[in-house]
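Novice: Before anything else, here's the structure in question.
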Amino acid sequence: MRGPDVPAKALDARALAALAANPGCRRRAILDGAGVDKTALASAIGAPSSFGQSQFAFIRGNAFEARVKADGGAELLRLAHTRLDPDAEPPREARVPDLSAAGPEGRTARTALALREATEARGSWTLLNHPMLALDVAGCPAYLEPDAVVVHPDGGWTVVEIKSFPMLDGSADPAKVGAAARQAAVYVLALEEVARRLTPAPPVRHEVLLVCPKDFTNLPTGCAVDVRKQRAVTARQLVRLTRLQDIADTLPEGTCFAPGLPADALTAAVDSVPATYAPECLSACEMAFHCRERSRAAGAVTTLGRPVRADLGDLTTVEDVLSAARGDSGDPDDPAVAALRRAAALRAEALTTIPGARTGQDTLPADPDATSADPAAGDTPAAGQEVPSCR
C-alpha cells in the first residue's frame, strides 16, 4: 500500500492519541496503520502542513531529556519519589536494566522481562529508560516507546513524560499538559497489557510524572498528572476503530500511497478513503489542509466544529441546513429543524426592526483599528475543553 522501497513510519503514542480523538476517520486509520509518511504525502498532493515539531525544539528536547536522565536517572527518580511516592524509601540506589535487543519485538519482550524482574525485587527503585511496549490497534500491533517507566518499591509502575515546555511557578500551559496527558494515557494502556500477563498483576498508576524545565532555566521539575479520564476515553475510542483490514478491503485494486507517484494518482488514492474532518485536525494531523479543502467543497457542516455537527443531527451539509431553515425541507418535529426555523424567524424579525438592516447599512461607526477576519479563524479547537492540571 505504501509502494515498493518506501520505509514504514512507526505508529507512535502521539499519533495514537490523535487517532483515538477522531476514531471515525478511516483515512487517518489506514494511513497510520500502513506506516505512510503523511507529511511527505501531504506535500506530494499539494497540501503541505506545518504540523510537527521544529528541529530546534527537537534538539532542545533531547538535550533536556539527557540532563534529566544523567547519573543513572538520579534527578528523575528524586522527582518520582517527591511527587508520587513520598512515603517510600528514597531512591539512593536504583536499578537501570539494559533493554537493548534486536527489533521491536525483541525490545518488547526484553522490557516485559525487566518489568517482571523489577516487580519481584520489591523494596527498591527501578528506572526503565526508553522501554518498548506493544498495543493492538485495529488488529495491528503498534510499538510504543515512552520516555521512561519507573517501578516503585511497592511494585507499582509509573509512566514518565519528559517535555521541553517550561513549568512556570509550578504550572504549565494547560493545552500542552493536556496533549502530554493524552499521549501518556496511551502508554498507560500499553503497560496495563503487560501487567495483565503477570500473576499477580502489578498496579499501573494512573498518575503519570510530567517532567519539564523549571521557569526559564534548564533545571528539571515535575508534577503528577492524573490521566484516568484520558485513559478511559482513549481505550473506548480505540475499541471503536474499524479494523484496518476491513478498510483496506473497500479500497480500489492497486491503491498506493507512495509519495513518489504522480500527484493526480495520489490525490485519487487519498480521496478513495473516507475522512472525518474537524477543525481540531489542524493541530493533530498532517493531512488536515487537504481534508479541510475537500470538506469545504462538499459543504460539510463538520468544518464548523464537532459541537455544531452534533447539534444539527441528520443535517450534514450547509445546503441542508439552509433549506431546513427556509422551510423547504426537513421534518418540523425534528428539534434541529425546529430550532433552525425559529432562528430564521428571529433573524427575519430583527432585519425588519433594526434601522438600516434591510439596506445593509451599519448602525454603528466602523472601527478604524479593526482588521479583516482570518478565513481560517473558524478552524480553531473548541474552547472550554477540559484539560488536566499539574499538582
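Letters A, B, ... mark the chains of the C-alpha cells in the order given; residue numbers begin at 1 per chain; ligand numbers begin at 1, in order shown.
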Using only C-alpha atoms, determine which residues lie at most 9 Å from segment 92-108 of chain A, disregarding the query and same-chain residues fewer than 2 positions distant; provide the list as a PyMOL selection string.

Specialist: chain A and resi 72-74+77-78+89-90+110-114+118+124-134+143

Novice: Report the residues of segment 162-318 of chain A whose backbone DSSP state falls under alpha helix (DSSP H), written as a VMD selection string.

Specialist: chain A and resid 174 to 196 228 to 240 244 to 249 263 to 271 288 to 297 306 to 312 318

Novice: Residues near Thr316 of chain A, anyone? I mean within 6 Å using only C-alpha atoms, not counting same-chain ones fewer than 2 positions away, as a list of chain:residue names.

Specialist: A:Ala300, A:Val301, A:Asp314

Novice: Give me the residues within 12 Å of Thr250 of chain A as a tab-separated table (two decimals) with N, CA and C atoms, in the first residue's frame, counting only C-alpha atoms and dropping any in the same chain fewer than 5 places off.

Specialist:
chain	number	residue	atom	x	y	z
A	26	ARG	N	-11.48	7.12	8.74
A	26	ARG	CA	-10.85	5.95	8.14
A	26	ARG	C	-9.57	6.31	7.40
A	27	ARG	N	-9.52	7.53	6.88
A	27	ARG	CA	-8.34	7.94	6.13
A	27	ARG	C	-7.10	7.93	7.03
A	30	ILE	N	-6.11	4.19	8.09
A	30	ILE	CA	-5.41	3.35	7.11
A	30	ILE	C	-4.02	3.89	6.83
A	242	THR	N	-12.35	0.93	13.31
A	242	THR	CA	-12.58	-0.14	12.33
A	242	THR	C	-11.28	-0.89	12.08
A	243	ARG	N	-11.38	-2.19	11.98
A	243	ARG	CA	-10.18	-2.97	11.69
A	243	ARG	C	-9.58	-2.54	10.36
A	244	LEU	N	-8.26	-2.43	10.35
A	244	LEU	CA	-7.58	-1.93	9.15
A	244	LEU	C	-7.84	-2.79	7.94
A	245	GLN	N	-7.93	-4.11	8.14
A	245	GLN	CA	-8.17	-4.99	7.00
A	245	GLN	C	-9.54	-4.73	6.39
A	255	THR	N	-4.54	0.39	-5.03
A	255	THR	CA	-4.40	1.68	-4.35
A	255	THR	C	-3.03	1.76	-3.68
A	272	SER	N	-10.08	8.22	-2.09
A	272	SER	CA	-10.85	6.97	-2.11
A	272	SER	C	-11.14	6.46	-0.71
A	273	VAL	N	-10.49	7.04	0.30
A	273	VAL	CA	-10.72	6.63	1.69
A	273	VAL	C	-11.51	7.74	2.39
A	274	PRO	N	-12.66	7.43	2.96
A	274	PRO	CA	-13.47	8.47	3.62
A	274	PRO	C	-12.72	9.09	4.80

Novice: For segment 206-212 of chain A, list every protein, DNA or RNA residue within 7 Å, evaluated using only C-alpha atoms, and leave out those in the same chain fewer than 3 positions away; present the list as a short mmCIF file (atom, residue, chain, number, x, y, z; two decimals) with C-alpha atoms, in the first residue's frame.

Specialist:
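Everything below was put into around_36.cif:
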data_model
loop_
_atom_site.label_atom_id
_atom_site.label_comp_id
_atom_site.auth_asym_id
_atom_site.auth_seq_id
_atom_site.Cartn_x
_atom_site.Cartn_y
_atom_site.Cartn_z
CA ALA A 80 9.21 10.48 41.22
CA THR A 158 4.51 4.81 36.61
CA VAL A 159 4.84 6.38 33.15
CA VAL A 160 7.23 9.34 32.87
CA GLU A 161 6.73 12.02 30.22
CA ILE A 162 9.63 14.45 29.65
CA LYS A 163 8.71 17.64 27.80
CA SER A 164 10.74 20.73 26.91
CA PHE A 165 7.99 23.33 27.50
CA PRO A 166 8.51 25.29 30.74
CA MET A 167 6.69 24.95 34.03
CA PRO A 220 14.09 19.86 35.76
CA THR A 221 10.96 19.98 37.86
CA GLY A 222 7.95 17.72 37.84
CA CYS A 223 4.31 17.31 38.71
CA ALA A 224 1.80 14.48 38.96
CA VAL A 225 -0.90 14.42 36.25
CA ASP A 226 -3.97 12.25 36.66
CA VAL A 227 -4.75 10.62 33.29
CA ARG A 228 -7.71 8.42 34.28
#

Novice: For Trp157 of chain A, which of A:Ala339, A:Ala181, A:Val188, A:Ala324 is the closest residue, counting only C-alpha atoms?

Specialist: A:Val188

Novice: Go ahead and compute the interatomic distance for atom CA of Asp271 of chain A and atom CA of Ala138 of chain A, in Å to one decimal.

Specialist: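 So the answer is 21.0 Å.
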
Novice: Using only C-alpha atoms, can you tell me which of A:Thr234, A:Thr276, A:Asn22, A:Ser43 comes closest to Ala190 of chain A?

Specialist: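 Selected residue with least distance to Ala190 of chain A: A:Thr234.
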
Novice: If we count only C-alpha atoms and set the cut-off at 9 Å, which residues sit around Arg182 of chain A, ignoring sequence neighbours fewer than 2 positions away in its own chain? Please answer as JSON, numbers by chain.

Specialist: {"A": [13, 14, 17, 18, 177, 178, 179, 180, 184, 185, 186, 227, 230, 231, 234]}
